[in-house]
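Below: entry-v4.txt (compact mmCIF, C-alpha atoms)
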```txt
# COMPACT_ATOMS: atom_id res chain seq x y z
CA MET A 18 147.55 127.97 77.40
CA PHE A 19 146.66 124.47 78.44
CA CYS A 20 144.04 122.96 76.15
CA CYS A 21 141.53 122.29 78.89
CA HIS A 22 138.83 120.93 76.61
CA CYS A 23 141.08 118.37 74.99
CA THR A 24 139.79 114.87 75.28
CA PHE A 25 141.57 112.15 77.20
CA TYR A 26 140.25 108.80 76.20
CA LEU A 27 140.98 105.14 76.02
CA ARG A 28 141.16 102.92 73.00
CA GLN A 29 138.46 100.41 73.84
CA PRO A 30 139.09 96.64 73.65
CA THR A 31 137.71 95.38 70.36
CA ASP A 32 136.67 92.13 68.78
CA LYS A 33 137.35 93.55 65.35
CA ASP A 34 140.70 93.61 63.64
CA ALA A 35 141.53 97.22 62.85
CA ASN A 36 143.74 96.82 59.80
CA ALA A 37 145.34 100.13 59.01
CA GLY A 38 148.29 101.87 57.44
CA ALA A 39 149.63 105.36 57.05
CA GLY A 40 147.63 105.89 53.86
CA THR A 41 148.80 108.57 51.46
CA GLY A 42 150.04 111.37 53.65
CA SER A 43 151.96 114.25 52.15
CA GLY A 44 155.19 113.33 53.92
CA GLY A 45 157.03 114.42 57.00
CA GLU A 46 157.20 118.00 58.15
CA GLY A 47 160.87 118.64 58.88
CA ALA A 48 163.81 116.27 59.02
CA MET A 49 163.23 112.85 60.57
CA VAL A 50 165.98 111.22 62.63
CA GLU A 51 165.27 107.61 63.58
CA GLY A 52 161.56 108.20 63.09
CA GLY A 53 161.82 111.65 64.62
CA VAL A 54 162.71 110.48 68.15
CA VAL A 55 166.04 111.84 69.44
CA GLY A 56 167.78 112.10 72.80
CA ASN A 57 167.95 110.05 75.98
CA PRO A 58 165.18 109.43 78.53
CA PRO A 59 165.20 111.65 81.63
CA PRO A 60 166.15 110.27 85.07
CA GLY A 61 163.68 109.15 87.70
CA GLU A 62 161.12 106.39 87.97
CA TRP A 63 157.41 105.75 87.85
CA SER A 64 155.38 105.55 91.07
CA ASN A 65 152.26 103.49 91.69
CA ARG A 66 149.17 105.68 92.20
CA THR A 67 146.42 103.04 92.16
CA GLY A 68 145.81 103.46 95.90
CA ASN A 69 142.61 101.98 97.29
CA LEU A 70 141.33 101.21 93.78
CA SER A 71 143.67 98.22 93.70
CA GLY A 72 141.72 94.96 93.74
CA MET A 73 138.33 96.67 93.40
CA PRO A 74 135.73 94.55 91.52
CA ALA A 75 134.99 95.98 88.10
CA GLY A 76 133.56 95.04 84.75
CA PHE A 77 135.56 93.78 81.81
CA ALA A 78 138.59 96.03 81.12
CA ASN A 79 138.40 97.25 84.78
CA LEU A 80 140.02 100.71 85.01
CA THR A 81 139.52 102.36 81.63
CA LEU A 82 140.38 106.02 82.12
CA VAL A 83 142.58 108.43 84.05
CA SER A 84 142.16 112.18 83.60
CA ALA A 85 143.45 115.30 85.35
CA LYS A 86 141.25 118.37 85.79
CA PRO A 87 143.12 121.23 84.12
CA ASP A 88 142.22 123.89 86.67
CA GLU A 89 142.64 122.16 90.05
CA ASP A 90 144.40 119.34 91.88
CA LYS A 91 141.94 116.58 91.01
CA LEU A 92 142.39 113.28 89.23
CA ILE A 93 139.46 111.26 87.90
CA ALA A 94 139.58 107.54 87.20
CA GLY A 95 136.94 105.67 85.24
CA VAL A 96 136.01 102.16 86.39
CA SER A 97 134.12 99.79 84.11
CA VAL A 98 130.58 99.38 85.56
CA GLY A 99 131.89 101.22 88.64
CA GLY A 100 131.56 104.89 87.72
CA LEU A 101 134.04 107.73 88.22
CA TRP A 102 136.43 108.08 91.16
CA LEU A 103 138.18 111.19 92.47
CA SER A 104 141.61 111.70 94.03
CA GLU A 105 142.74 115.00 95.52
CA ASP A 106 146.10 113.77 96.77
CA GLY A 107 147.78 112.69 93.57
CA GLY A 108 146.29 109.21 93.45
CA MET A 109 147.02 107.91 96.93
CA ASN A 110 143.33 107.82 97.90
CA TRP A 111 140.18 107.66 95.78
CA SER A 112 136.51 108.34 96.54
CA THR A 113 133.44 107.83 94.36
CA LEU A 114 131.92 110.68 92.37
CA GLY A 115 128.19 111.06 91.78
CA ALA A 116 127.44 110.48 95.47
CA ASN A 117 124.55 112.96 95.50
CA LYS A 118 121.25 111.08 95.88
CA LYS A 119 119.90 112.97 92.87
CA SER A 120 122.76 111.80 90.66
CA ALA A 121 122.30 109.40 87.77
CA SER A 122 124.41 106.26 88.06
CA ILE A 123 127.26 105.79 85.59
CA ILE A 124 127.58 102.07 84.87
CA ASN A 125 129.09 102.21 81.39
CA ARG A 126 132.73 101.57 80.50
CA PRO A 127 134.11 105.13 80.76
CA SER A 128 135.90 106.19 77.62
CA ALA A 129 136.27 109.99 77.75
CA ILE A 130 135.93 113.09 79.87
CA ILE A 131 135.53 116.50 78.23
CA TYR A 132 136.13 119.56 80.43
CA ASP A 133 134.43 122.87 79.76
CA PRO A 134 137.19 125.45 79.17
CA ILE A 135 135.15 128.29 80.70
CA SER A 136 133.10 126.68 83.48
CA PRO A 137 135.39 124.66 85.80
CA ASP A 138 132.57 122.67 87.40
CA VAL A 139 131.17 121.38 84.10
CA PHE A 140 132.32 118.25 82.31
CA TRP A 141 130.89 115.47 80.15
CA GLU A 142 131.50 111.73 80.50
CA SER A 143 130.99 109.26 77.67
CA GLY A 144 131.21 105.49 77.82
CA THR A 145 130.45 102.25 76.02
CA TYR A 146 128.37 99.13 76.64
CA ASP A 147 125.60 101.04 78.43
CA THR A 148 124.09 104.52 78.61
CA GLY A 149 126.42 106.74 76.63
CA VAL A 150 126.63 110.37 77.83
CA PHE A 151 126.43 112.18 81.18
CA ARG A 152 127.01 115.79 82.26
CA THR A 153 127.85 117.32 85.61
CA ASP A 154 127.51 120.99 86.56
CA ASP A 155 128.91 120.62 90.09
CA SER A 156 132.30 119.01 89.44
CA GLY A 157 131.05 115.45 89.71
CA LYS A 158 128.81 115.50 92.74
CA THR A 159 125.73 115.06 90.54
CA PHE A 160 125.47 113.59 87.04
CA VAL A 161 122.59 113.92 84.59
CA GLN A 162 122.02 111.38 81.82
CA LEU A 163 121.85 113.13 78.45
CA GLY A 164 119.18 111.56 76.30
CA LYS A 165 118.84 107.94 75.28
CA ILE A 166 121.91 106.92 73.32
CA ASP A 167 124.14 104.00 74.22
CA SER A 168 127.78 102.94 73.85
CA ILE A 169 129.40 106.26 72.97
CA ASP A 170 133.17 106.31 72.43
CA LEU A 171 133.42 110.07 72.47
CA VAL A 172 131.12 113.05 72.80
CA ALA A 173 132.24 116.31 71.18
CA VAL A 174 130.96 119.67 72.41
CA ASP A 175 130.58 122.90 70.45
CA PHE A 176 132.56 125.29 72.63
CA SER A 177 131.99 128.13 70.17
CA ASP A 178 128.40 128.18 71.48
CA PRO A 179 128.23 129.68 74.98
CA ASP A 180 125.11 127.61 75.69
CA ARG A 181 126.83 124.30 74.76
CA GLN A 182 123.80 123.12 72.77
CA THR A 183 125.47 121.23 69.91
CA LEU A 184 126.96 117.81 70.74
CA LEU A 185 128.15 114.91 68.59
CA GLY A 186 128.37 111.32 69.81
CA SER A 187 130.10 108.45 68.01
CA THR A 188 128.99 104.89 68.71
CA HIS A 189 131.51 102.18 69.55
CA GLU A 190 132.34 100.01 66.52
CA GLN A 191 129.13 100.98 64.76
CA ARG A 192 128.23 103.37 61.93
CA PRO A 193 125.69 105.70 63.61
CA ILE A 194 126.83 109.20 64.55
CA TYR A 195 124.38 111.19 66.65
CA LYS A 196 123.87 114.94 66.94
CA SER A 197 122.06 116.98 69.56
CA THR A 198 121.15 120.64 69.24
CA ASP A 199 119.51 120.92 72.66
CA GLY A 200 122.43 120.11 74.95
CA GLY A 201 121.90 116.35 74.80
CA SER A 202 118.20 116.05 75.62
CA THR A 203 117.44 114.58 72.20
CA TRP A 204 119.65 113.05 69.52
CA ASN A 205 119.31 112.49 65.77
CA GLU A 206 121.44 110.28 63.57
CA ILE A 207 123.50 112.18 60.96
CA SER A 208 125.37 109.26 59.39
CA GLY A 209 123.23 108.97 56.28
CA ASN A 210 125.32 111.19 54.03
CA ILE A 211 128.73 109.80 54.95
CA PRO A 212 130.17 108.31 51.72
CA ALA A 213 128.84 104.78 51.22
CA SER A 214 132.35 103.37 50.79
CA ILE A 215 133.06 104.23 54.43
CA ASN A 216 131.77 101.69 56.93
CA ASN A 217 132.63 103.13 60.33
CA CYS A 218 133.46 106.66 61.55
CA GLY A 219 133.85 108.12 64.99
CA TYR A 220 135.76 110.23 67.50
CA PRO A 221 134.27 113.55 66.34
CA LEU A 222 135.77 117.00 66.71
CA ILE A 223 133.61 120.15 66.54
CA LEU A 224 135.48 123.23 65.31
CA ASP A 225 132.38 125.42 65.25
CA THR A 226 128.63 124.98 65.01
CA GLN A 227 128.83 123.99 61.32
CA THR A 228 132.32 122.47 60.99
CA TYR A 229 132.96 118.90 62.14
CA LEU A 230 135.69 116.28 61.64
CA MET A 231 135.65 112.53 62.19
CA THR A 232 138.08 109.69 61.57
CA CYS A 233 136.96 106.59 59.72
CA ALA A 234 138.39 103.16 60.48
CA GLN A 235 139.59 100.61 57.95
CA PHE A 236 137.63 97.58 59.05
CA GLY A 237 134.29 95.99 58.34
CA GLY A 238 134.87 96.15 54.60
CA GLY A 239 134.98 99.93 54.27
CA VAL A 240 137.70 102.41 53.42
CA GLY A 241 139.33 104.64 56.00
CA GLY A 242 140.30 108.26 56.26
CA ILE A 243 139.15 111.56 57.73
CA VAL A 244 135.84 113.18 56.78
CA LYS A 245 134.75 116.78 57.20
CA SER A 246 131.41 118.58 57.22
CA VAL A 247 131.00 122.34 56.82
CA ASP A 248 127.20 122.32 56.95
CA GLY A 249 126.46 120.89 60.37
CA GLY A 250 126.64 117.25 59.31
CA GLU A 251 124.28 117.46 56.34
CA THR A 252 127.05 116.40 53.96
CA TRP A 253 130.53 114.93 54.44
CA LEU A 254 133.67 115.04 52.30
CA ARG A 255 136.60 112.66 52.67
CA VAL A 256 139.58 114.99 53.12
CA SER A 257 142.27 112.38 53.84
CA GLU A 258 142.89 108.72 53.12
CA ILE A 259 144.82 108.37 56.37
CA ALA A 260 142.78 106.40 58.90
CA CYS A 261 143.28 107.69 62.42
CA ASP A 262 142.37 106.39 65.85
CA GLN A 263 141.54 107.65 69.33
CA ALA A 264 140.65 111.23 70.24
CA PRO A 265 142.09 114.12 68.24
CA LEU A 266 143.89 117.03 69.86
CA LEU A 267 142.85 120.57 69.00
CA ALA A 268 145.87 122.53 70.19
CA SER A 269 145.76 126.07 71.53
CA ASN A 270 147.29 127.44 68.29
CA GLY A 271 144.54 125.83 66.19
CA ALA A 272 146.60 122.90 64.90
CA ILE A 273 144.90 119.49 64.98
CA TYR A 274 146.81 116.29 65.77
CA TRP A 275 145.56 112.74 65.28
CA SER A 276 147.19 109.34 65.90
CA VAL A 277 147.33 107.16 62.79
CA GLN A 278 145.47 103.88 63.12
CA GLY A 279 147.66 100.83 63.71
CA ASN A 280 150.41 102.78 65.54
CA GLY A 281 151.38 104.40 62.26
CA GLY A 282 152.53 107.79 63.53
CA LEU A 283 150.86 111.18 63.91
CA VAL A 284 149.19 113.48 61.41
CA LYS A 285 148.68 117.23 61.71
CA SER A 286 146.45 119.83 60.08
CA THR A 287 146.94 123.59 60.26
CA ASP A 288 143.99 124.53 58.02
CA ALA A 289 140.96 123.29 59.97
CA GLY A 290 141.28 119.75 58.64
CA GLU A 291 141.40 120.51 54.91
CA THR A 292 144.85 118.96 54.46
CA TRP A 293 146.94 116.63 56.61
CA THR A 294 150.68 116.04 57.01
CA LEU A 295 152.37 113.02 58.56
CA VAL A 296 154.59 114.66 61.19
CA SER A 297 155.95 111.52 62.79
CA HIS A 298 156.63 108.05 61.45
CA ALA A 299 157.41 106.86 64.98
CA PRO A 300 154.72 104.47 66.25
CA MET A 301 152.36 106.47 68.45
CA THR A 302 150.39 104.14 70.69
CA ILE A 303 148.20 106.73 72.42
CA HIS A 304 146.30 109.96 71.82
CA PRO A 305 148.27 113.25 71.86
CA ILE A 306 147.84 115.92 74.54
CA GLU A 307 149.15 119.48 74.91
CA LEU A 308 151.21 120.81 77.82
CA PRO A 309 150.63 124.34 79.13
CA ASP A 310 153.62 125.67 77.16
CA GLY A 311 152.35 124.27 73.87
CA LYS A 312 154.54 121.17 73.69
CA ILE A 313 152.77 118.08 72.30
CA VAL A 314 153.02 114.72 74.09
CA SER A 315 152.24 111.21 72.88
CA ALA A 316 153.89 107.82 73.43
CA ASN A 317 155.56 104.94 71.69
CA LYS A 318 155.92 101.48 73.21
CA ASP A 319 158.89 102.59 75.33
CA TYR A 320 158.45 106.18 76.51
CA LEU A 321 156.19 109.17 76.66
CA LEU A 322 157.41 111.47 73.89
CA VAL A 323 157.37 115.27 73.82
CA SER A 324 157.65 117.54 70.78
CA PRO A 325 158.58 121.21 71.25
CA ASP A 326 158.21 122.05 67.56
CA GLY A 327 154.78 120.90 66.48
CA GLY A 328 155.75 117.33 65.73
CA LYS A 329 158.97 117.84 63.76
CA THR A 330 161.10 116.17 66.44
CA TRP A 331 160.29 114.06 69.48
CA HIS A 332 162.25 113.48 72.69
CA PRO A 333 161.67 110.96 75.51
CA ALA A 334 159.71 112.68 78.29
CA SER A 335 159.84 109.81 80.76
CA PRO A 336 161.92 106.81 81.77
CA SER A 337 160.82 103.46 80.36
CA LEU A 338 157.08 103.03 80.66
CA PRO A 339 155.94 100.59 83.37
CA TYR A 340 153.58 99.04 80.79
CA LEU A 341 151.97 99.92 77.49
CA PRO A 342 149.45 102.55 78.62
CA THR A 343 145.92 102.68 77.29
CA THR A 344 145.31 106.21 78.53
CA PHE A 345 147.34 109.06 80.00
CA THR A 346 147.05 112.61 81.20
CA TYR A 347 149.10 115.48 82.63
CA SER A 348 148.34 117.12 85.96
CA VAL A 349 149.35 120.79 85.91
CA SER A 350 148.84 121.00 89.68
CA ARG A 351 151.07 117.98 90.37
CA ARG A 352 153.53 118.63 87.54
CA ALA A 353 153.26 114.95 86.70
CA PHE A 354 152.16 112.53 84.00
CA TYR A 355 149.72 109.77 84.89
CA VAL A 356 149.35 106.60 82.81
CA SER A 357 146.97 103.69 83.23
CA HIS A 358 146.42 100.27 81.75
CA ILE A 359 143.71 97.63 81.70
CA SER A 360 143.54 93.87 81.95
CA THR A 361 140.84 91.35 81.20
CA ALA A 362 140.41 90.50 84.88
CA GLU A 363 137.27 91.86 86.54
CA VAL A 364 139.25 93.49 89.31
CA ILE A 365 141.46 96.57 89.08
CA PRO A 366 145.17 95.66 88.83
CA GLU A 367 147.42 96.73 91.69
CA ASP A 368 149.49 98.82 89.25
CA ALA A 369 146.61 100.23 87.19
CA ILE A 370 147.77 103.88 87.56
CA SER A 371 151.34 105.16 87.64
CA SER A 372 152.81 108.67 87.79
CA TYR A 373 156.05 110.34 86.78
CA GLU A 374 157.05 113.84 87.94
CA TYR A 375 157.66 116.14 84.98
CA ASP A 376 157.81 119.91 85.35
CA TYR A 377 157.12 121.29 81.89
CA GLU A 378 158.73 124.64 82.86
CA ILE A 379 162.06 122.96 83.62
CA MET A 380 162.28 119.85 81.44
```

Would you kindly transcribe this structure into structure tokens?
Amino acid sequence: MFCCHCTFYLRQPTDKDANAGAGTGSGGEGAMVEGGVVGNPPPGEWSNRTGNLSGMPAGFANLTLVSAKPDEDKLIAGVSVGGLWLSEDGGMNWSTLGANKKSASIINRPSAIIYDPISPDVFWESGTYDTGVFRTDDSGKTFVQLGKIDSIDLVAVDFSDPDRQTLLGSTHEQRPIYKSTDGGSTWNEISGNIPASINNCGYPLILDTQTYLMTCAQFGGGVGGIVKSVDGGETWLRVSEIACDQAPLLASNGAIYWSVQGNGGLVKSTDAGETWTLVSHAPMTIHPIELPDGKIVSANKDYLLVSPDGGKTWHPASPSLPYLPTTFTYSVSRRAFYVSHISTAEVIPEDAISSYEYDYEIM
């Protein structure tokens, strides 16, 4: 099945130098050929899908997110200081979300959208440089601000709880990690028991109400790696020295994939994060996602890459990328990949979003 609660998120622009390496992984899983990437790119070309967003005034980093709803033909774009925008025609035309007069205004720099796998109209938005977390129960017509936390790279939701009460929020380039047990109304910091040698952790993943994972960056003087809690965040154990980056992927078969910081490849865990294996040495410049048939997709600097075997081998899934994407997604309804990029201009570039037709059932 398609992993409809997987996170699609952007690596935020940073003033800090994220020095990283592959750490001490346990080695590749399966034979590696030229870094694990084999085969030729498929035919076709990328098409511009920026539509009427082109030239729109925006905050720094302009268009920061593109995401496809898993269950219907809807694309959502995140605009810095400009909220979320919806397209129902594959990106040709865009209209603002949150238009209901009762809706809270989203003026952060959108960084992630998390879709509820059971309730199609429910999703969470997180963003940096302003109010951090919002929720909608009506597919984006109305947003509610969740509590008073700011600059959140990623909010994780406990989908093992039918009431969706437990949330984790990681702050952008800061140490605090916040937890809510009342659906986001109130938040408490749970960073105190992270090992003191670790300076900065984030991008949380909730496996169940008590089991959490986070990646820890190698900057600011601290060590990196992956930490795990099995007691609801009371204590944390460093389970890997490999520093990762961007949102993790929890695949439908329970495997977890994470991009190594500094474009160092991809790591995988099949035991709920206890141990990690480096499954690709090929530079992975973006978060992984899962296609409906279980294939895993990421990207290097040249192509989108697809793995049919859990990361053992990778094949080009697109022609040459139109640019180095900062975020991407797959539309099941459109049978197409969508990539986006940012610039430092405070208007949205004319080529901010591009698409490539890819039918996972044929390719």

Surrounding residues of Gly115 of chain A excluding itself and chain neighbours under 3 positions, 7 Å, only C-alpha atoms, as a PyMOL selection string: chain A and resi 120+157-160

Generate a file of the selected residues that holds C-alpha atoms, formatted as a tab-separated table (two decimals), in the frame of the given file.
```
chain	number	residue	atom	x	y	z
A	120	SER	CA	122.76	111.80	90.66
A	157	GLY	CA	131.05	115.45	89.71
A	158	LYS	CA	128.81	115.50	92.74
A	159	THR	CA	125.73	115.06	90.54
A	160	PHE	CA	125.47	113.59	87.04
```

Extract, using all atoms listed in the file, all DNA, RNA and protein residues at most 7 Å from Asp170 of chain A, discarding same-chain residues fewer than 6 positions from it, and format them as a count of residues only. 8

For Glu374 of chain A, work out the shell of residues within 7 Å, counting all atoms listed in the file and skipping chain neighbours fewer than 4 positions away, then give it as a PDB file with C-alpha atoms, in the frame of the given file.
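Output below, filename around.pdb:
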```pdb
ATOM      1  CA  ARG A 352     153.530 118.630  87.540  1.00  0.00           C
ATOM      2  CA  ALA A 353     153.260 114.950  86.700  1.00  0.00           C
ATOM      3  CA  PHE A 354     152.160 112.530  84.000  1.00  0.00           C
TER       4      PHE A 354
END
```

Which is closest to Ser324 of chain A among A:Tyr377, A:Phe151, A:Trp102, A:Tyr195, if we use all atoms listed in the file? A:Tyr377

Between atom CA of Lys312 of chain A and atom CA of Ser177 of chain A, what is the distance in Å, rounded to a tenth? 23.9 Å

Could you add the missing atoms to segment 196-209 of chain A, up to N, CA and C atoms, and return them as a short mmCIF file (atom, residue, chain, number, x, y, z; two decimals), keeping the file's coordinate frame?
```cif
data_model
loop_
_atom_site.label_atom_id
_atom_site.label_comp_id
_atom_site.auth_asym_id
_atom_site.auth_seq_id
_atom_site.Cartn_x
_atom_site.Cartn_y
_atom_site.Cartn_z
N LYS A 196 123.72 113.51 66.69
CA LYS A 196 123.87 114.94 66.94
C LYS A 196 122.73 115.43 67.81
N SER A 197 123.06 116.31 68.74
CA SER A 197 122.06 116.98 69.56
C SER A 197 122.22 118.48 69.40
N THR A 198 121.11 119.18 69.30
CA THR A 198 121.15 120.64 69.24
C THR A 198 120.45 121.26 70.45
N ASP A 199 120.16 120.42 71.45
CA ASP A 199 119.51 120.92 72.66
C ASP A 199 120.27 120.47 73.91
N GLY A 200 121.60 120.42 73.79
CA GLY A 200 122.43 120.11 74.95
C GLY A 200 122.45 118.65 75.34
N GLY A 201 121.87 117.77 74.51
CA GLY A 201 121.90 116.35 74.80
C GLY A 201 120.56 115.77 75.20
N SER A 202 119.53 116.58 75.25
CA SER A 202 118.20 116.05 75.62
C SER A 202 117.68 115.09 74.56
N THR A 203 117.85 115.46 73.30
CA THR A 203 117.44 114.58 72.20
C THR A 203 118.58 114.46 71.21
N TRP A 204 118.57 113.34 70.47
CA TRP A 204 119.65 113.05 69.52
C TRP A 204 119.05 112.57 68.20
N ASN A 205 119.70 112.95 67.09
CA ASN A 205 119.31 112.49 65.77
C ASN A 205 120.53 111.95 65.04
N GLU A 206 120.33 110.87 64.30
CA GLU A 206 121.44 110.28 63.57
C GLU A 206 121.78 111.14 62.34
N ILE A 207 123.07 111.36 62.11
CA ILE A 207 123.50 112.18 60.96
C ILE A 207 124.49 111.41 60.09
N SER A 208 124.41 110.08 60.12
CA SER A 208 125.37 109.26 59.39
C SER A 208 124.97 109.02 57.94
N GLY A 209 123.77 109.37 57.57
CA GLY A 209 123.23 108.97 56.28
C GLY A 209 124.01 109.45 55.09
#
```
